[in-house]
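Shown here: model-v7.tsv, TSV, C-alpha atoms.
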```tsv
chain	number	residue	atom	x	y	z
A	30	MET	CA	-91.10	232.97	248.23
A	31	LEU	CA	-92.76	236.30	248.74
A	32	ASN	CA	-90.22	237.96	246.49
A	33	LEU	CA	-90.98	235.44	243.79
A	34	PHE	CA	-94.65	236.34	243.88
A	35	ILE	CA	-93.71	239.99	243.74
A	36	LEU	CA	-91.49	239.48	240.75
A	37	ALA	CA	-94.21	237.42	239.10
A	38	ALA	CA	-96.73	240.18	239.68
A	39	GLU	CA	-94.37	242.71	238.24
A	40	ALA	CA	-93.88	240.61	235.15
A	41	ALA	CA	-97.66	240.31	234.60
A	42	PRO	CA	-99.18	242.33	231.60
A	43	GLY	CA	-101.21	244.65	233.82
A	44	ALA	CA	-98.14	245.76	235.56
A	45	ALA	CA	-96.64	247.17	232.44
A	46	GLU	CA	-98.41	250.39	232.98
A	47	PRO	CA	-96.59	252.90	235.07
A	48	ASN	CA	-98.34	253.85	238.34
A	49	THR	CA	-96.91	256.67	240.26
A	50	SER	CA	-98.86	255.71	243.44
A	51	HIS	CA	-97.52	252.19	243.31
A	52	ASN	CA	-95.44	251.19	246.38
A	53	PRO	CA	-92.64	248.86	245.41
A	54	ILE	CA	-92.62	247.35	248.85
A	55	ILE	CA	-96.29	246.96	249.80
A	56	PRO	CA	-98.22	244.93	247.23
A	57	GLU	CA	-101.64	245.76	246.13
A	58	LEU	CA	-104.60	244.20	247.84
A	59	GLY	CA	-105.53	241.90	245.03
A	60	GLU	CA	-102.04	240.74	244.64
A	61	LEU	CA	-101.85	240.16	248.33
A	62	VAL	CA	-105.01	238.09	248.32
A	63	TYR	CA	-103.77	235.98	245.48
A	64	SER	CA	-100.53	235.54	247.21
A	65	LEU	CA	-102.27	234.49	250.46
A	66	ILE	CA	-104.47	232.08	248.63
A	67	ALA	CA	-101.51	230.64	246.81
A	68	PHE	CA	-99.61	230.37	250.07
A	69	ALA	CA	-102.58	228.68	251.80
A	70	VAL	CA	-102.90	226.25	248.93
A	71	LEU	CA	-99.22	225.60	249.15
A	72	ILE	CA	-99.49	224.99	252.91
A	73	ILE	CA	-102.41	222.64	252.46
A	74	LEU	CA	-100.60	220.72	249.75
A	75	PHE	CA	-97.50	220.56	251.83
A	76	LYS	CA	-99.55	219.40	254.84
A	77	LYS	CA	-101.30	216.84	252.79
A	78	PHE	CA	-98.39	215.44	250.78
A	79	GLY	CA	-95.09	216.56	252.31
A	80	PHE	CA	-95.50	216.79	256.04
A	81	ASN	CA	-95.77	213.08	256.69
A	82	ALA	CA	-92.72	212.43	254.60
A	83	VAL	CA	-90.82	215.10	256.42
A	84	GLN	CA	-92.10	213.82	259.75
A	85	LYS	CA	-91.15	210.28	258.81
A	86	ALA	CA	-87.74	211.40	257.69
A	87	MET	CA	-87.32	213.29	260.93
A	88	ALA	CA	-88.41	210.26	262.94
A	89	ALA	CA	-86.02	208.06	260.99
A	90	ARG	CA	-83.28	210.54	261.56
A	91	THR	CA	-84.17	210.75	265.23
A	92	GLU	CA	-84.14	206.96	265.44
A	93	ARG	CA	-80.79	206.81	263.66
A	94	ILE	CA	-79.34	209.41	265.96
A	95	ARG	CA	-80.73	207.51	268.98
A	96	LYS	CA	-79.16	204.31	267.68
A	97	ASP	CA	-75.92	206.12	267.10
A	98	LEU	CA	-76.09	207.46	270.62
A	99	ASP	CA	-76.87	203.98	271.93
A	100	GLN	CA	-73.98	202.56	269.95
A	101	ALA	CA	-71.77	205.33	271.22
A	102	GLU	CA	-72.93	204.63	274.73
A	103	SER	CA	-72.32	200.93	274.22
A	104	ALA	CA	-68.92	201.65	272.69
A	105	LYS	CA	-68.15	203.92	275.58
A	106	GLY	CA	-69.18	201.20	278.06
A	107	GLU	CA	-67.12	198.65	276.18
A	108	ALA	CA	-64.21	201.03	276.08
A	109	GLU	CA	-64.57	201.64	279.77
A	110	GLY	CA	-64.68	197.87	280.32
A	111	ILE	CA	-61.58	197.40	278.23
A	112	LEU	CA	-59.95	200.30	280.05
A	113	SER	CA	-60.92	198.74	283.37
A	114	GLU	CA	-59.57	195.41	282.20
A	115	TYR	CA	-56.36	197.06	281.04
A	116	LYS	CA	-56.11	198.82	284.38
A	117	THR	CA	-56.66	195.50	286.14
A	118	GLN	CA	-54.07	193.83	283.95
A	119	LEU	CA	-51.70	196.69	284.55
A	120	ALA	CA	-52.26	196.42	288.29
A	121	ASP	CA	-51.75	192.65	288.08
A	122	ALA	CA	-48.60	193.16	286.03
A	123	LYS	CA	-47.34	195.68	288.57
A	124	ALA	CA	-48.18	193.27	291.42
A	125	GLU	CA	-46.50	190.41	289.54
A	126	SER	CA	-43.43	192.49	288.84
A	127	ASN	CA	-43.32	193.54	292.50
A	128	ARG	CA	-43.69	189.90	293.53
A	129	ILE	CA	-40.89	188.85	291.16
A	130	ILE	CA	-38.70	191.64	292.44
A	131	ASP	CA	-39.48	190.63	296.04
A	132	GLU	CA	-38.77	187.02	295.26
A	133	ALA	CA	-35.53	187.96	293.55
A	134	ARG	CA	-34.61	190.11	296.51
A	135	GLN	CA	-35.47	187.33	298.97
A	136	GLN	CA	-33.56	184.82	296.87
A	137	ALA	CA	-30.59	187.15	296.75
A	138	GLU	CA	-30.82	187.58	300.52
A	139	LYS	CA	-31.02	183.82	300.95
A	140	VAL	CA	-28.04	183.27	298.65
A	141	LYS	CA	-26.15	185.90	300.55
A	142	ALA	CA	-27.09	184.28	303.87
A	143	ASP	CA	-26.17	180.83	302.54
A	144	VAL	CA	-22.83	182.03	301.23
A	145	LEU	CA	-22.16	183.80	304.50
A	146	GLU	CA	-23.13	180.75	306.51
A	147	SER	CA	-21.06	178.48	304.27
A	148	THR	CA	-18.09	180.79	304.53
A	149	ASN	CA	-18.46	181.03	308.30
A	150	LYS	CA	-18.70	177.26	308.56
A	151	GLU	CA	-15.67	176.83	306.32
A	152	VAL	CA	-13.71	179.28	308.41
A	153	ALA	CA	-14.86	177.53	311.59
A	154	ASP	CA	-13.90	174.13	310.15
A	155	LEU	CA	-10.50	175.41	309.09
A	156	LYS	CA	-10.00	176.93	312.51
A	157	ALA	CA	-11.08	173.70	314.22
A	158	LYS	CA	-8.82	171.65	311.96
A	159	ALA	CA	-5.92	173.99	312.58
A	160	THR	CA	-6.58	173.75	316.31
A	161	GLN	CA	-6.80	169.97	316.05
A	162	ASP	CA	-3.59	169.83	314.01
A	163	ILE	CA	-1.84	171.99	316.55
A	164	GLU	CA	-3.14	169.81	319.38
A	165	THR	CA	-2.11	166.65	317.53
A	166	ALA	CA	1.34	168.04	316.84
A	167	ARG	CA	1.61	169.21	320.45
A	168	THR	CA	0.52	165.78	321.73
A	169	ALA	CA	2.92	164.02	319.35
A	170	ALA	CA	5.77	166.31	320.36
A	171	LEU	CA	4.93	165.79	324.03
A	172	ALA	CA	4.73	162.02	323.55
A	173	SER	CA	8.03	162.04	321.68
A	174	LEU	CA	9.56	164.17	324.39
A	175	GLN	CA	8.19	161.87	327.09
A	176	THR	CA	9.51	158.84	325.21
A	177	SER	CA	12.90	160.47	324.92
A	178	VAL	CA	12.86	161.50	328.57
A	179	ALA	CA	11.75	158.02	329.59
A	180	SER	CA	14.47	156.40	327.48
A	181	ILE	CA	17.12	158.73	328.89
A	182	ALA	CA	15.84	158.16	332.41
A	183	ILE	CA	15.87	154.40	331.93
A	184	GLU	CA	19.35	154.48	330.41
A	185	LEU	CA	20.55	156.46	333.39
A	186	ALA	CA	18.72	154.10	335.74
A	187	GLU	CA	20.30	151.09	334.01
A	188	LYS	CA	23.74	152.62	334.36
A	189	VAL	CA	23.09	153.40	338.00
A	190	VAL	CA	21.78	149.88	338.57
A	191	GLU	CA	24.68	148.34	336.69
A	192	LYS	CA	27.14	150.35	338.75
A	193	ASN	CA	25.49	149.74	342.10
A	194	LEU	CA	24.00	146.27	341.66
A	195	ASP	CA	26.80	144.30	343.30
A	196	ARG	CA	26.59	140.69	344.39
A	197	ASP	CA	25.26	141.51	347.84
A	198	THR	CA	22.47	143.63	346.39
A	199	ASN	CA	21.63	140.90	343.91
A	200	THR	CA	21.58	138.35	346.71
A	201	ARG	CA	19.13	140.54	348.61
A	202	LEU	CA	16.97	140.78	345.49
A	203	ILE	CA	17.01	137.00	345.10
A	204	ASP	CA	16.19	136.45	348.77
A	205	SER	CA	13.38	138.97	348.51
A	206	PHE	CA	12.04	137.17	345.43
A	207	ILE	CA	12.16	133.78	347.23
A	208	ALA	CA	10.42	135.23	350.26
A	209	LYS	CA	7.74	136.83	348.10
A	210	VAL	CA	7.12	133.64	346.08
A	211	GLY	CA	6.90	131.51	349.21
A	212	SER	CA	4.65	133.85	351.12
B	88	MET	CA	1.87	117.23	314.03
B	89	ALA	CA	5.05	119.07	315.02
B	90	ASP	CA	4.02	118.89	318.69
B	91	ASP	CA	3.41	115.17	318.36
B	92	ARG	CA	6.84	114.64	316.85
B	93	THR	CA	8.45	116.83	319.51
B	94	ALA	CA	6.68	114.83	322.23
B	95	ALA	CA	7.76	111.59	320.56
B	96	TYR	CA	11.42	112.69	320.50
B	97	ALA	CA	11.13	113.90	324.11
B	98	ALA	CA	9.73	110.48	325.11
B	99	ALA	CA	12.56	108.75	323.22
B	100	LEU	CA	15.15	110.89	324.98
B	101	PHE	CA	13.59	110.10	328.34
B	102	GLU	CA	13.51	106.37	327.59
B	103	VAL	CA	17.23	106.43	326.80
B	104	ALA	CA	18.25	108.77	329.64
B	105	GLN	CA	16.32	107.13	332.47
B	106	GLY	CA	18.49	104.06	332.15
B	107	GLU	CA	21.53	106.17	333.04
B	108	GLN	CA	22.83	106.31	336.59
B	109	ASP	CA	23.18	110.09	336.76
B	110	LEU	CA	19.89	111.28	335.25
B	111	ALA	CA	20.15	114.63	337.07
B	112	ARG	CA	23.44	115.37	335.30
B	113	VAL	CA	21.96	114.53	331.90
B	114	GLU	CA	19.02	116.77	332.64
B	115	ASP	CA	21.28	119.67	333.61
B	116	GLU	CA	23.47	119.20	330.55
B	117	LEU	CA	20.55	118.95	328.15
B	118	PHE	CA	18.98	122.03	329.79
B	119	THR	CA	22.23	123.91	329.19
B	120	VAL	CA	22.37	122.75	325.57
B	121	ALA	CA	18.78	123.90	325.01
B	122	ASN	CA	19.59	127.35	326.39
B	123	ARG	CA	22.70	127.62	324.20
B	124	VAL	CA	20.79	126.66	321.07
B	125	ARG	CA	17.96	129.06	321.96
B	126	THR	CA	20.23	132.04	322.61
B	127	ASN	CA	23.12	131.45	320.21
B	128	ASP	CA	21.99	132.28	316.68
B	129	ALA	CA	25.20	131.12	314.99
B	130	LEU	CA	25.05	127.73	316.71
B	131	ARG	CA	21.37	127.30	315.92
B	132	ASP	CA	21.91	128.26	312.26
B	133	ALA	CA	24.81	125.82	311.91
B	134	LEU	CA	22.89	122.92	313.47
B	135	THR	CA	19.73	123.58	311.43
B	136	ASP	CA	21.48	124.28	308.10
B	137	GLN	CA	20.15	121.50	305.85
B	138	SER	CA	22.79	122.34	303.23
B	139	LEU	CA	25.50	121.07	305.59
B	140	PRO	CA	26.11	117.31	305.66
B	141	VAL	CA	24.64	115.54	308.67
B	142	ASP	CA	28.10	114.28	309.64
B	143	LEU	CA	29.40	117.81	309.76
B	144	ARG	CA	26.50	119.01	311.95
B	145	GLN	CA	26.96	116.03	314.29
B	146	GLY	CA	30.68	116.82	314.30
B	147	ILE	CA	29.87	120.29	315.64
B	148	VAL	CA	27.94	118.65	318.48
B	149	GLU	CA	30.86	116.34	319.21
B	150	ASP	CA	33.29	119.25	319.22
B	151	LEU	CA	31.10	121.28	321.61
B	152	LEU	CA	30.09	118.55	324.05
B	153	GLY	CA	32.77	115.92	323.70
B	154	GLY	CA	34.79	115.70	326.92
B	155	ARG	CA	32.62	118.29	328.66
B	156	ALA	CA	29.24	116.58	328.82
B	157	SER	CA	28.41	112.98	329.55
B	158	PRO	CA	28.47	110.56	326.59
B	159	THR	CA	24.73	110.07	327.02
B	160	THR	CA	24.03	113.79	326.61
B	161	THR	CA	26.34	114.04	323.60
B	162	ASN	CA	24.75	111.02	321.93
B	163	LEU	CA	21.20	112.24	322.54
B	164	VAL	CA	21.90	115.69	321.09
B	165	SER	CA	23.77	114.16	318.17
B	166	MET	CA	20.81	111.87	317.51
B	167	ILE	CA	18.37	114.82	317.39
B	168	VAL	CA	20.65	116.81	315.07
B	169	GLY	CA	21.19	113.76	312.89
B	170	ALA	CA	17.45	113.34	312.58
B	171	GLY	CA	17.22	116.90	311.22
B	172	ARG	CA	15.25	118.13	314.27
B	173	ALA	CA	17.85	120.59	315.56
B	174	LYS	CA	15.45	123.52	315.28
B	175	ASP	CA	13.11	121.71	317.69
B	176	LEU	CA	15.94	120.82	320.08
B	177	PRO	CA	14.94	123.34	322.82
B	178	ALA	CA	11.30	122.19	322.71
B	179	ILE	CA	12.30	118.50	322.67
B	180	ILE	CA	14.62	118.98	325.65
B	181	GLU	CA	11.92	120.92	327.51
B	182	GLY	CA	9.49	118.07	326.85
B	183	PHE	CA	12.12	115.63	328.08
B	184	LEU	CA	12.68	117.64	331.27
B	185	GLU	CA	8.93	117.87	331.94
B	186	ARG	CA	8.56	114.16	331.37
B	187	SER	CA	11.56	113.42	333.59
B	188	ALA	CA	10.23	115.69	336.37
B	189	GLY	CA	6.81	114.14	336.00
B	190	SER	CA	8.31	110.69	336.54
B	191	ARG	CA	9.37	111.96	339.98
B	192	SER	CA	5.97	113.58	340.57
B	193	GLU	CA	7.59	116.97	340.10
B	194	THR	CA	6.90	119.96	337.88
B	195	LEU	CA	9.64	121.58	335.85
B	196	ALA	CA	10.50	125.07	337.11
B	197	GLU	CA	12.75	127.07	334.77
B	198	VAL	CA	14.52	129.87	336.60
B	199	THR	CA	16.61	132.64	335.06
B	200	SER	CA	19.08	134.49	337.26
B	201	ALA	CA	21.59	137.24	336.57
B	202	VAL	CA	24.15	135.45	338.71
B	203	PRO	CA	24.69	131.77	339.58
B	204	LEU	CA	22.58	130.54	342.52
B	205	ASP	CA	24.24	128.64	345.31
B	206	GLY	CA	22.82	125.39	346.69
B	207	ASP	CA	21.05	127.07	349.56
B	208	GLN	CA	19.38	129.60	347.28
B	209	GLN	CA	18.28	126.87	344.88
B	210	GLN	CA	16.86	124.79	347.72
B	211	ARG	CA	14.94	127.72	349.23
B	212	LEU	CA	13.70	128.78	345.80
B	213	ALA	CA	12.53	125.22	345.00
B	214	GLU	CA	10.69	125.07	348.32
B	215	ALA	CA	9.09	128.47	347.76
B	216	LEU	CA	7.99	127.56	344.24
B	217	SER	CA	6.69	124.18	345.46
B	218	LYS	CA	4.67	125.98	348.07
B	219	ARG	CA	3.42	128.44	345.48
B	220	VAL	CA	2.27	125.86	342.87
B	221	GLY	CA	1.13	123.25	345.40
B	222	HIS	CA	3.51	120.43	344.52
B	223	LYS	CA	7.20	119.67	344.27
B	224	VAL	CA	9.18	121.32	341.50
B	225	SER	CA	12.33	120.33	339.62
B	226	LEU	CA	14.49	123.44	339.39
B	227	LYS	CA	16.54	124.24	336.29
B	228	VAL	CA	18.54	127.46	336.51
B	229	THR	CA	19.80	129.53	333.59
B	230	VAL	CA	22.27	132.34	334.17
B	231	ASP	CA	21.44	135.35	332.00
B	232	PRO	CA	23.16	138.64	332.98
B	233	SER	CA	20.86	140.54	330.64
B	234	ILE	CA	18.08	140.45	333.24
B	235	GLN	CA	20.48	142.63	335.29
B	236	GLY	CA	19.35	141.33	338.66
B	237	GLY	CA	16.67	139.35	340.49
B	238	LEU	CA	15.00	136.20	339.18
B	239	ILE	CA	12.47	135.00	336.61
B	240	ALA	CA	10.67	131.74	337.35
B	241	GLN	CA	8.41	129.82	334.98
B	242	VAL	CA	6.37	126.86	336.17
B	243	GLY	CA	4.11	125.54	333.45
B	244	ASP	CA	2.23	128.54	332.08
B	245	THR	CA	2.90	130.67	335.16
B	246	VAL	CA	5.70	133.24	334.93
B	247	ILE	CA	6.89	135.12	337.99
B	248	ASP	CA	9.13	137.96	336.88
B	249	GLY	CA	11.17	139.61	339.63
B	250	SER	CA	14.02	140.78	337.42
B	251	VAL	CA	15.52	144.25	337.48
B	252	ARG	CA	15.14	144.39	333.70
B	253	SER	CA	11.37	143.95	333.90
B	254	ARG	CA	11.11	146.54	336.65
B	255	LEU	CA	13.02	149.02	334.51
B	256	GLU	CA	10.73	148.16	331.57
B	257	GLN	CA	7.68	148.76	333.76
B	258	LEU	CA	9.16	152.05	334.92
B	259	LYS	CA	9.83	153.04	331.30
B	260	THR	CA	6.24	152.17	330.33
B	261	GLN	CA	4.87	154.18	333.22
B	262	LEU	CA	7.02	157.16	332.29
B	263	GLN	CA	5.87	157.00	328.68
B	264	GLU	CA	2.21	156.58	329.57
B	265	SER	CA	2.11	159.28	332.25
B	266	ARG	CA	0.80	162.52	330.82
```
Produce structure tokens that represent the structure in this file.
Amino acid sequence: MLNLFILAAEAAPGAAEPNTSHNPIIPELGELVYSLIAFAVLIILFKKFGFNAVQKAMAARTERIRKDLDQAESAKGEAEGILSEYKTQLADAKAESNRIIDEARQQAEKVKADVLESTNKEVADLKAKATQDIETARTAALASLQTSVASIAIELAEKVVEKNLDRDTNTRLIDSFIAKVGS
Amino acid sequence: MADDRTAAYAAALFEVAQGEQDLARVEDELFTVANRVRTNDALRDALTDQSLPVDLRQGIVEDLLGGRASPTTTNLVSMIVGAGRAKDLPAIIEGFLERSAGSRSETLAEVTSAVPLDGDQQQRLAEALSKRVGHKVSLKVTVDPSIQGGLIAQVGDTVIDGSVRSRLEQLKTQLQESR
């Protein structure tokens, strides 16, 4: 702005005359006064007509920035909520997966125990049946043997009786029978 | 119905036989016939074979008993066979013997022996059985060597088995049951 006033002063008709004592940097007093007056007028005009607008624009901008910050804060809070929810869901998912894995493990253990128990029972049943079969076969064989022994013994006894049961012996048997019946 | 008919035939036999002088002989002969029919399958089959003419079956009776048994016995057996009741002959004769014994206030005692019993043995046995059952018995003895020795006596529903065969059977049962 100052340079503009300087250039304007230089372009004025009075400045066309060369002045050897003229300082190109420091303006002359009159020029300076005019410049100060012009600047003051400019300030007053600005204060009167432009400051409020600028202040209003600044306030609006400030308000917009504050809203943006609030929105950002809200978005941040929402994001943190969502993040917290996701973390909760993740934790729940992990807990659920752990529970499923535990259940699967327990079920597998139970199946294993059931199969083992069933197998043990089956083996025990087979063993008991085999033992029973052996005992039955042993009993049957023993009974058959006893029957055979009894038959052989009776056959021998019959032969002995037949050989030794003479008339006198038979008479004694008959007398014994009569005595027993009459007693 | 069969029991009624058997009893009726037994009563008829008794009515005919009691008029005879030697009733004891008829009883013994009929008792022998009953035992033969009971134990001889061929004889029983021939006498009960309805396909054979009645005359032929009665002829078998005549051939077996004629000249050996009394005419009364032969006629009574022939009458039963001719009536087609040969299969009931043992039961009819038993009924006759019970009825005959009952007429003398006696009870029929059927005794099976491996060997023939002499008079003394029969008398002592009859006395012993009479003492056992509480009244006089009429003894009928069958000789059956298959009992091997001893005696079997049946008075009514009571059976007293003192045979060697039954003792051997008991011994066999005990041997088989002993574990």
(request) Check every residue of chain A for an atom within 6 Å of chain B, counting all atoms listed in the file, and provide those that qualify as an MDAnalysis selection string. (result) chainID A and resid 175:176 179 199 202:203 207 210:211
Which centre and which edge lengths, in Å to one decimal, describe the axis-aligned box that holds all listed atoms of stretch 75-86 of chain A after 5 Å is added on each side, as JSON?
```
{"center_x": -94.5, "center_y": 215.4, "center_z": 255.3, "size_x": 23.6, "size_y": 20.3, "size_z": 19.0}
```
(message) Please compute the atom CA of B:Gln137-atom CA of B:Val168 distance, one decimal, in Å.
(response)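 Rounded to one decimal, the two atoms are 10.4 Å apart.
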(request) Could you please determine the separation between atom CA of A:Ala101 and atom CA of A:Val83 in Å, to one decimal place? (result)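 Atom-to-atom, atom CA of A:Ala101 and atom CA of A:Val83 are spaced 26.0 Å apart.
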(request) Provide the atom CA of B:Leu134 to atom CA of B:Val148 distance in Å, to one decimal place. (result) 8.3 Å
Identify, on the basis of only C-alpha atoms, every residue whose closest approach to B:Glu116 does not exceed 10 Å; exclude the query and any residue fewer than 2 positions from it along the same chain; express the result as a short mmCIF file (atom, residue, chain, number, x, y, z; two decimals) with C-alpha atoms, keeping the file's coordinate frame.
```cif
data_model
loop_
_atom_site.label_atom_id
_atom_site.label_comp_id
_atom_site.auth_asym_id
_atom_site.auth_seq_id
_atom_site.Cartn_x
_atom_site.Cartn_y
_atom_site.Cartn_z
CA LEU B 110 19.89 111.28 335.25
CA ALA B 111 20.15 114.63 337.07
CA ARG B 112 23.44 115.37 335.30
CA VAL B 113 21.96 114.53 331.90
CA GLU B 114 19.02 116.77 332.64
CA PHE B 118 18.98 122.03 329.79
CA THR B 119 22.23 123.91 329.19
CA VAL B 120 22.37 122.75 325.57
CA ALA B 121 18.78 123.90 325.01
CA ASN B 122 19.59 127.35 326.39
CA LEU B 152 30.09 118.55 324.05
CA ARG B 155 32.62 118.29 328.66
CA ALA B 156 29.24 116.58 328.82
CA SER B 157 28.41 112.98 329.55
CA THR B 159 24.73 110.07 327.02
CA THR B 160 24.03 113.79 326.61
CA THR B 161 26.34 114.04 323.60
#
```
(request) Between B:Leu139, B:Arg191, B:Val228, B:Phe183, single out the one closest to B:Gly206, counting only C-alpha atoms. (result)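 Closest residue, counting only C-alpha atoms: B:Val228.
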(request) Have a look at B:Pro177, B:Glu193, B:Glu107, B:Ser187 and name the one nearest to B:Asn127; count only C-alpha atoms. (result)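 Ranking B:Pro177, B:Glu193, B:Glu107, B:Ser187 by distance to B:Asn127, first place goes to B:Pro177.
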(request) Identify, on the basis of all atoms listed in the file, every residue whose closest approach to B:Val141 does not exceed 10 Å; exclude the query and any residue fewer than 3 positions from it along the same chain; express the result as a ChimeraX atom specification. (result) /B:134-138,144-147,165,168-171
(request) Considering all atoms listed in the file, return as a list in words whatever protein or nucleic-acid residues lie within 10 Å of B:Ala178, sequence-local ones (same chain, fewer than 6 positions apart) excluded. (result)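 Listed by chain and then number, they are Asp90, Thr93, Ala94, Tyr96, Ala97, Ala121, Arg125 and Leu184 of chain B.
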